[in-house]
Amino acid sequence: MAESTEIRRPMRWHIAVFLAPAVLVYTAVMIVPLFGTLQLSLFSAEGQTRVFAGLDNFRTLFFDPRWAASFWNALWNNTWFFIIHMLVQNPIGVVLAALLSSPRLHFSAFYRTAIFIPTILSFVIVGFAWKLILSPLWGVAPNLLDLVGLKSLFTPWLGKEEYALTTLGLISVWQFVGIPMMLIYAALLSIPDEVIEAAECDGITGMAQFWKIKLPLILPSIGIISILTFVGNFNAFDLIYSAQGALAGPNFSTDILGTFLYRTFFGFQLQIGDPYMGSTIASMMFFIILAGVCLYLFAVQTRLRRYQF
Amino acid sequence: MGSLKIENIKKSFGSVDVLKGIDLDVTDGEFVVFVGPSGCGKSTLLRIIAGLEDSTSGKVLIDGDNVGNVPPAKRGIAMVFQTYALYPHLTVKNNMSLGLKQAGEPADEIARRVGIASSMLSLEPYLERRPAELSGGQRQRVAIGRAVVREPKLFLFDEPLSNLDAALRVNTRLEIAQLHRRLAATMIYVTHDQVEAMTLADKIVVLNNGQIEQVGAPMELYNSPANEFVAGFIGSPKMNFIDGGRLGEAAKTIGVRPEHITVDRNAGTWKGTVIHAEHLGADTNLYIDTEKAGLLTVRIFGVYDAEPGAAIYATPDPARTYRFGADGRVIR
Amino acid sequence: MGSLKIENIKKSFGSVDVLKGIDLDVTDGEFVVFVGPSGCGKSTLLRIIAGLEDSTSGKVLIDGDNVGNVPPAKRGIAMVFQTYALYPHLTVKNNMSLGLKQAGEPADEIARRVGIASSMLSLEPYLERRPAELSGGQRQRVAIGRAVVREPKLFLFDEPLSNLDAALRVNTRLEIAQLHRRLAATMIYVTHDQVEAMTLADKIVVLNNGQIEQVGAPMELYNSPANEFVAGFIGSPKMNFIDGGRLGEAAKTIGVRPEHITVDRNAGTWKGTVIHAEHLGADTNLYIDTEKAGLLTVRIFGVYDAEPGAAIYATPDPARTYRFGADGRVIR
Amino acid sequence: MSTATSSLPRTIAAHAVLLAYTAIALFPVVVIVVNSFKSRNAIFRSPLSPPTTETFDLIGYTTVLRQGDFFLYFQNSFIVTVMSLFLVLLFGAMASFALSEYRFRGNSLMGLYLALGIMIPIRLGTVAILQLMVASGLVNTLTALILVYTAQGLPLAVFILSEFMKQVSDDLKNAGRIDGLSEYRIFFRLVLPLVRPAMATVAVFTMIPIWNDLWFPLILAPSEATKTVTLGAQLFIGQYVTNWNAVLAALSLAILPVLILYLIFSRQLIRGITSGAVK
Amino acid sequence: QDKTITIESWRNDDLAIWQEKLIPAFEAKNPGIKVVFAPSAPTEYNAALNAKLDAGSAGDLITCRPFDASLELYNKGHLANLADLPGMENFSDVAKSAWTTDDGSADFCVPMASVIHGFIYNADAFQQLGIAVPATEAEFFAALDKIKADGTYIPLAMGTKDLWEAATMGYQNIGPNYWKGEEGRLALIKGEQKLTDPAWVEPFATLAKWKDYLGDGFEAQSYPDSQNLFTLGRAAIYPAGSWEISVFNTQAQFKMGAFPPPVKNAGDECYISDHNDIAIGLNPKSPNADAAKTFLSWVASPEFATIYANALPGFFSLSSTPVKMEDPLAQEFVSWRDKCKSTIRSTYQILSRSTPNLENETWVKSANVINGTETPEAAAKVLQDGLDSWYKPAK
Ligand SMILES: Nc1ncnc2c1ncn2[C@@H]1O[C@H](COP(=O)(O)OP(=O)(O)OP(=O)(O)O)[C@@H](O)[C@H]1O
Ligand SMILES: Nc1ncnc2c1ncn2[C@@H]1O[C@H](COP(=O)(O)OP(=O)(O)OP(=O)(O)O)[C@@H](O)[C@H]1O
Ligand SMILES: [Mg+2]
Ligand SMILES: [Mg+2]
């Protein structure tokens, strides 16, 4: 039952039919344009003409000290951003889903919706709301801290190099916690009641039930949210862009690969967009994410056991 | 330690009344078998006892305590689910030992109990497999194993042997009986198998349509069924019911068990013709169409050769016929 | 239309050999019952016939055509899964009619067939329910219903009656037999129930450990088992096996069925003491410890009162004893 | 399951945790909504206080309703979102069924291929996409947006759905095959209904970036007739001054349709449809 | 048949003015031409415009950023040469300098407006605290000290969160007095001066002193925060660009005044940043080039200049014909053109053509200097090193 049965048949047209619409739309509208862009990383501009440059752009990215510094700074920041999500967002999401999925919990639809609302918001609103709340001027955060007697802890988090990235990471967690929550919730729903009932009879309740029964059964979904978090974080851009601007201040302390890429590719203010270096960075992002996804697809996913219900 | 009292339990799913007021007393250490037609509410009652389902009204008392708000884990029970409900991600061994580990039993004790259970259920070769790699009967045995290793005071078995072959079923039945003696545990056992019911039970509870029809020792039910339903339900092939009027009796219905009718080719009470003979090896079931009593089933020990169409006489054992009134109750 | 031929089918799951070379011929319209111990490979064989599982080697021919590359949908079969495999999101009615709709049957024909099947299985009150709202036996009946409405040429039943009560089981058994006659369909039927096997089968196939032990008509297997395994497997309680040496016989083992032993309080071949008496109502099983032949099971028709510990004599029917060689084969 | 399985202290603890988190989740949202009803001065003077008679001001909403055809924008957003969603779910589910159900040569490569799209921000392909749309005359049509969002949503949908489809019991699909169902029917009649919770989840994940996207409406369909809400709301974000009243009002209004869609989809997250399928 | 021409712009802010004043005025005179003003959010403008131009779906008229961004478009053939456009004669070379090729051979946008930096102050507060408008740096800091000591007002409304505020309202605002306007700027381009020279480091040093006068948590104070802080009356002085005038006029409920960047010593020559900011050009692929050119000529006319400058006080016309403005604050700003020497922002021409981008770096460094996380010298050195890495002035 754990493995799908293989039934060999002469020509299975239906496979093609199932795949065709997705593959066609996706290839035409997404893959062709994107790879058309990525290949620019092998070119550079000479005046108004495009010349083949081989790996020169990559050489620049890694060996020109300024480019390299920006790149490594962005990569490290991005890694930290990802770590925050893995350590904060996903565990919170899983805990919330676990709580919400307990049978007979009243108001669970209300909680679920409420907790999901931030995920619905556009970045513009999120940026605005949190800037307002964390602003030292308008007093929301300081006043709230004052209420609990911790006013002294307040600092202008978004303006300090040492806190800004972590703060944004947490804002992003706040916004996106709904995603792991929903996925895990859906996964938990598919566990048959009877298995849980058997556990109840066996004396495996509460936390133990979660760790020993539910968690192993939803492991594939945990795998999915991890890889989605990875992909999402290494592609992230909007929140930083709308909260800190394209220069990802202060002093590039919140610069992640996404902002670095957009700034380079599309340009910013007086900086004119450089599609060649831009796609070089994009290629690097692509390789990093591809490596992660391959690692997941071929090393992790194949090892995760799935159970059919 | 293990006594159970059920008071006026009712259960409805929406508008469907599934249990319509069940009262039952089970003393400590008793072996109670629930029998009844498919869908009469046996599993539901078991689940209410286990605390997996809320009753619409009524009380369940274990050892005298109302366990209405006690979670299943605290009721000191073990249950074999009709659907098995194995943990799909755990090996057979871990399926059995998880509950013990949780209870903090020492490792060697766990190993010992799992060892006993798996040898009792012939599961040794499969200990490292997962449920998906087992046959239906093997899964069912794992489900039994998971319950028995816990050695609780109250066992709830929901058709635990239905997917086992005859030999294994006899064996496992004997093992369960032994377990019952060894642990002095109370057992509630649902089955459709007459042999199991008759051999295992201290007390059989006959359920029908959400109500208890009769409670009693096995032979008591066989010998003195309270009503037509019980008379028909206990015993296989089932009792022949003959319209009383046809026989000129006062009772609405007359019942004779197939094994209490003798046949003879030449003489007897009711004349008829053989319709069909079922050869089961050890015995033979004859289906006879009699002029007087209508269609009868007769059970004959050993092999009995009868051609369909052959004329035959059937004679009921007068000491073993039952009389039922219009309300279905037995008339003594 | 419906004949089946299986040639040297082998199946392994990884390193586990589950089927070790099965050859079988089923003629059109035959009723074949598979019996065998739990885990011997019955379901696997059924699934291979259905085309749900690939055999490791060997061929399946339906109506003479190798169906190796024919998808299950095109094999003209209906199957009752041991796990039921109902469509959880569809009502009972839709579970049964989905296949017919797909086949483009007209609506009234669908309604008619579903009506017949559901009345045959007493499912009428549940037609609008979903599987989750049914009892175990009801689900099993839906699974049967889903197969029978299709009226194909080849039926595959995997323990279809295991969760039904005795009365329903007898009824459904009769209905299946009728269906078999009406459709003249070939049926392959897996069961653990001796009565079902004996009454339904044109031919019983005894499987053990991935191999066929014997194929034959029911009474043939009962009367002339080919080997010790078949002798022990057919008949319940199972045949008594007595060490030949102990009785001074040349054969390795001597077998006597419990129903072929008579008891007497005063005289007989083997002297012993009663260990335990099982009262089943219609008959009684006596467990006797004899000096000469060891532990014996004796089946007695009717009620027989015997105190454990009482002295008793057991006499085997000499015409009904079997002799087995060291290889387990019967010696004629 | 029964009431007895949920102990009181644990229930209280669960509610406490959930309430606490709900407060955290909703607080900023409340700040936004509350402030959208206040005058600009009041927003910044005391962002936390609810609107009083003095500070209550619908200026944001009136500005929004006066400037541009916001009902049309809503309609455009809605059409684009729902259509893209439909296509993503349909095509995505079909592809994931093929990937998870059949083993064929190149299966995992195809899986990887379909996942490539989540590894590069689709914005980088803007020029080529725009050229494609110009060439096919789709500029300033909603179709262009729908196509782009469909392509953009597919990778994630395939990724998540194929995982969930692997959980659908093989016996069930086999029962369907024996019942004579074609592979298409098995997909539509059996598998799709059983992965409803996953479909709902994917729908929600797909819908949000589509609804909130600013870039492609700006590039592909900026005309008045095809503007989306998010693009419309951008009108109030100026170079030096942002009309926060109007932005807050527009975007608060824009939450509603997504919220409704969310509620519709989350109805699919109902426990217990699948249990009872197999023993 | 009517021709419709579309204007691409980043000026969302101006939508009402275009729709209510400019377009009706034009259409009244030019029946048969319909004009659509289609702005997008300023942060997206460059990227979106480039994509549309590359793919050929951009509007007929393109609003031009100053200097290299537009030059690049011209070089790629996305802007037409407008040197011969009737009306171009209304602009001086300085006015056109932001939209001319380096060799001056082509003009590709019709200049619309420039912006001037300075300080806007809360006149009520000054009066209340008895502060005179400062003219020198010493007076400026004395005023700040006084406001701070009083405590009612935050002395300076500026934050460093948005970076550009620090650079544009800080460095570029006070800088010209140190590097002597055009003299220093051109010397820098020629390579005769370096950013590490005192004239360029000193403004940073002065900025560093501002830190003490900014509001609590200024590191997280964004540009709109600063605006609000000032217009809500909580701050006394606002380092400004002239574009604020129209906003502040509607939002502030007190009297305002303005003063140019204070000079070091009384009597020093003063310099102001009078920066070419916005122009409008023609998409050569426009199918309605004639109508578009008609429109551009109108933009070059004094009529347009008058409407625009009055509708948007603070955006000063670049036309050679003087424009009469109503707004007193705007008049104050523009009056500095007579007292002081004008210059444009130092980083805009040529020096921000490559990476690292001097303008963007200046944003970051200005913020760092004010935040106190980097010394003026260190900041200047990084900027010069960055410039040296790609800019080789033709000596
Ligand atoms: N996926 C698998 N991997 C390994 N072994 C398997 C797998 N599936 C089945 N088996 C083994 O194959 C054997 C035959 O299984 P099958 O289900 O055919 O038995 P069965 O005769 O139907 O038994 P039962 O009467 O208990 O249903 C069993 O021993 C089972 O453990
Ligand atoms: N969720 C439900 N909704 C509605 N009816 C239900 C539900 N669950 C069970 N039932 C009905 O309740 C009745 C009793 O079910 P139960 O499972 O207790 O039967 P049972 O005696 O165990 O039968 P079986 O021998 O077939 O397992 C059945 O008729 C069933 O259809
Ligand atoms: Mg049941
Ligand atoms: Mg089986």
# chains A, B, ... in the order shown; residues from 1 in each chain; ligands from 1

$ residues_near_ligand --ligand "ligand 4" --cutoff "8 Å" --atoms "only C-alpha atoms and all ligand atoms" --output "PyMOL selection string"
(chain B and resi 135-137) or (chain C and resi 38-39+41-44+82+158-159+190)

$ residues_around --residues "Ser101 (chain A)" --least-positions-apart "3" --cutoff "7 Å" --atoms "only C-alpha atoms" --output "list in words"
Ala97, Ala98, Tyr185 and Leu188 of chain A

$ atom_distance --atom1 "CA of Ala231 (chain B)" --atom2 "CA of Ala293 (chain B)"
18.0 Å

$ interface_residues --of "chain E" --to "chain A" --cutoff "7 Å" --atoms "only C-alpha atoms" --output "MDAnalysis selection string"
chainID E and resid 47 68:69 76 161:162 216:217 219:221 352:354 357 359 364 368

$ residues_around --residues "Leu61 (chain B)" --least-positions-apart "2" --cutoff "7 Å" --atoms "only C-alpha atoms" --output "PyMOL selection string"
chain B and resi 4-6+59+63-67

$ write_last_selection --atoms "N, CA and C atoms" --output "mmCIF file, in the first residue's frame"
data_model
loop_
_atom_site.group_PDB
_atom_site.id
_atom_site.type_symbol
_atom_site.label_atom_id
_atom_site.label_comp_id
_atom_site.auth_asym_id
_atom_site.auth_seq_id
_atom_site.Cartn_x
_atom_site.Cartn_y
_atom_site.Cartn_z
ATOM 1 N N LEU B 4 -17.876 -3.330 35.505
ATOM 2 C CA LEU B 4 -18.414 -2.343 34.590
ATOM 3 C C LEU B 4 -19.916 -2.288 34.744
ATOM 4 N N LYS B 5 -20.440 -1.099 34.806
ATOM 5 C CA LYS B 5 -21.887 -0.968 34.918
ATOM 6 C C LYS B 5 -22.339 0.074 33.905
ATOM 7 N N ILE B 6 -23.339 -0.292 33.144
ATOM 8 C CA ILE B 6 -23.844 0.630 32.135
ATOM 9 C C ILE B 6 -25.276 0.945 32.473
ATOM 10 N N LYS B 59 -25.090 6.544 31.778
ATOM 11 C CA LYS B 59 -23.826 6.559 32.512
ATOM 12 C C LYS B 59 -23.026 5.285 32.277
ATOM 13 N N ASP B 63 -15.608 0.166 37.838
ATOM 14 C CA ASP B 63 -15.294 0.023 39.262
ATOM 15 C C ASP B 63 -16.110 0.982 40.104
ATOM 16 N N GLY B 64 -17.316 1.200 39.696
ATOM 17 C CA GLY B 64 -18.196 2.035 40.496
ATOM 18 C C GLY B 64 -18.065 3.526 40.249
ATOM 19 N N ASP B 65 -17.055 3.943 39.510
ATOM 20 C CA ASP B 65 -16.908 5.379 39.258
ATOM 21 C C ASP B 65 -17.519 5.755 37.923
ATOM 22 N N ASN B 66 -18.256 6.827 37.932
ATOM 23 C CA ASN B 66 -18.770 7.347 36.676
ATOM 24 C C ASN B 66 -17.584 7.868 35.874
ATOM 25 N N VAL B 67 -17.369 7.281 34.713
ATOM 26 C CA VAL B 67 -16.185 7.669 33.946
ATOM 27 C C VAL B 67 -16.524 8.645 32.818
#

$ select_by_dssp --residues "region 64-236 of chain C" --states "helix (DSSP H, G or I)" --output "number ranges by chain"
C: 72-74, 92-102, 107-120, 124-126, 131-133, 136-148, 166-183, 194-200, 218-223, 228-233

$ select_by_dssp --residues "region 128-313 of chain B" --states "strand (DSSP E)" --output "JSON, numbers by chain"
{"B": [154, 155, 156, 157, 158, 186, 187, 188, 189, 190, 203, 204, 205, 206, 207, 208, 211, 212, 213, 214, 215, 216, 240, 241, 242, 243, 253, 254, 255, 256, 261, 262, 263, 264, 270, 271, 272, 273, 274, 275, 276, 277, 278, 279, 283, 284, 285, 286, 287, 288, 289, 290, 294, 295, 296, 297, 298, 299, 300, 301, 311, 312, 313]}

$ residues_around --residues "region 42-46 of chain D" --least-positions-apart "4" --cutoff "8 Å" --atoms "only C-alpha atoms" --output "number ranges by chain"
A: 138-139; D: 35, 38, 55; E: 228, 232

$ atom_distance --atom1 "CA of Trp298 (chain E)" --atom2 "CA of Asp84 (chain E)"
14.2 Å

$ atom_distance --atom1 "CA of Val32 (chain B)" --atom2 "CA of Cys201 (chain A)"
19.7 Å

$ residues_around --residues "Leu75 (chain A)" --least-positions-apart "5" --cutoff "9 Å" --atoms "only C-alpha atoms" --output "PyMOL selection string"
chain A and resi 70+80+234+255-257

$ residues_near_ligand --ligand "ligand 2" --cutoff "9 Å" --atoms "only C-alpha atoms and all ligand atoms" --output "PyMOL selection string"
(chain B and resi 11-19+34-47+82+158-159+190-192+207-210) or (chain C and resi 125-126+129-141+163-165)

$ write_last_selection --atoms "C-alpha atoms" --output "compact mmCIF listing (two decimals), in the first residue's frame"
# COMPACT_ATOMS: atom_id res chain seq x y z
CA LYS B 11 -26.91 7.21 21.56
CA SER B 12 -28.14 8.98 18.46
CA PHE B 13 -26.25 10.07 15.40
CA GLY B 14 -28.30 13.00 14.30
CA SER B 15 -31.78 11.63 13.93
CA VAL B 16 -30.69 8.00 13.91
CA ASP B 17 -31.16 6.34 17.29
CA VAL B 18 -28.48 3.72 17.48
CA LEU B 19 -28.64 2.74 21.13
CA PHE B 34 -21.86 -9.11 22.57
CA VAL B 35 -23.66 -10.62 19.66
CA GLY B 36 -26.23 -9.11 17.39
CA PRO B 37 -26.98 -8.42 13.77
CA SER B 38 -24.71 -6.21 11.76
CA GLY B 39 -25.38 -2.58 12.56
CA CYS B 40 -27.22 -3.20 15.82
CA GLY B 41 -24.85 -0.97 17.79
CA LYS B 42 -22.21 -3.29 19.21
CA SER B 43 -19.23 -1.26 18.11
CA THR B 44 -20.90 1.92 19.20
CA LEU B 45 -21.48 0.55 22.66
CA LEU B 46 -17.88 -0.57 22.87
CA ARG B 47 -16.69 2.85 21.83
CA GLN B 82 -12.90 -3.50 14.14
CA ASP B 158 -14.38 -5.78 18.38
CA GLU B 159 -14.60 -8.84 16.15
CA VAL B 190 -17.93 -8.66 20.03
CA THR B 191 -18.19 -11.51 17.60
CA HIS B 192 -20.32 -12.93 14.85
CA LEU B 207 -28.28 -6.94 21.07
CA ASN B 208 -30.80 -6.07 18.46
CA ASN B 209 -31.60 -2.73 17.00
CA GLY B 210 -30.00 -0.79 19.83
CA PRO C 125 -31.93 2.20 4.91
CA TYR C 126 -28.37 3.31 4.36
CA ARG C 129 -25.10 7.48 4.04
CA ARG C 130 -21.37 7.75 3.54
CA PRO C 131 -19.08 4.91 4.52
CA ALA C 132 -17.90 6.70 7.66
CA GLU C 133 -21.44 6.54 9.00
CA LEU C 134 -21.76 2.80 8.63
CA SER C 135 -20.95 -0.10 10.89
CA GLY C 136 -18.22 -2.53 9.93
CA GLY C 137 -20.62 -5.10 8.56
CA GLN C 138 -22.55 -2.50 6.62
CA ARG C 139 -19.38 -1.30 4.97
CA GLN C 140 -18.54 -4.81 4.00
CA ARG C 141 -21.95 -5.22 2.46
CA ASN C 163 -17.80 -9.13 9.35
CA LEU C 164 -21.39 -10.29 9.00
CA ASP C 165 -23.50 -11.99 11.61

$ interface_residues --of "chain C" --to "chain D" --cutoff "7 Å" --atoms "only C-alpha atoms" --output "list in words"
Leu52, Pro72, Ala73, Lys74, Ile77, Ala78, Met79, Thr83, Tyr84, Ala85, Leu86, Tyr87, Pro88, His89, Gly99, Gln102, Pro131 and Ala132 of chain C

$ residues_around --residues "Leu132 (chain D)" --least-positions-apart "4" --cutoff "10 Å" --atoms "only C-alpha atoms" --output "list of chain:residue names"
A:Ala28, A:Val29, A:Pro33, D:Thr126, D:Val127, D:Ala128, D:Ser136, D:Gly137, D:Leu138, D:Val139, D:Ala144, E:Ala55

$ residues_around --residues "Ile261 (chain B)" --least-positions-apart "2" --cutoff "8 Å" --atoms "only C-alpha atoms" --output "ChimeraX atom specification"
/B:256-259,263,298-299,314-317

$ closest_atom_pairs --of "chain A" --to "chain B" --cutoff "6 Å" --atoms "only C-alpha atoms" --output "tab-separated table"
residue	atom	partner	partner_atom	distance
A:Met1	CA	B:Ala132	CA	5.3
A:Glu194	CA	B:Ala85	CA	5.4
A:Val195	CA	B:Ala85	CA	4.9
A:Glu200	CA	B:Ala73	CA	5.5
A:Cys201	CA	B:Ala73	CA	5.0
A:Asp202	CA	B:Gly99	CA	5.0
A:Gly203	CA	B:Ala73	CA	4.1

$ interface_residues --of "chain E" --to "chain D" --cutoff "8 Å" --atoms "only C-alpha atoms" --output "list in words"
Trp10, Arg11, Asn12, Asp13, Pro39, Ser40, Ala41, Pro42, Thr43, Ala48, Ala51, Lys52, Asp54, Ala55, Gly56, Ser57, Pro224, Asn228, Leu232, Trp243, Glu244 and Val247 of chain E
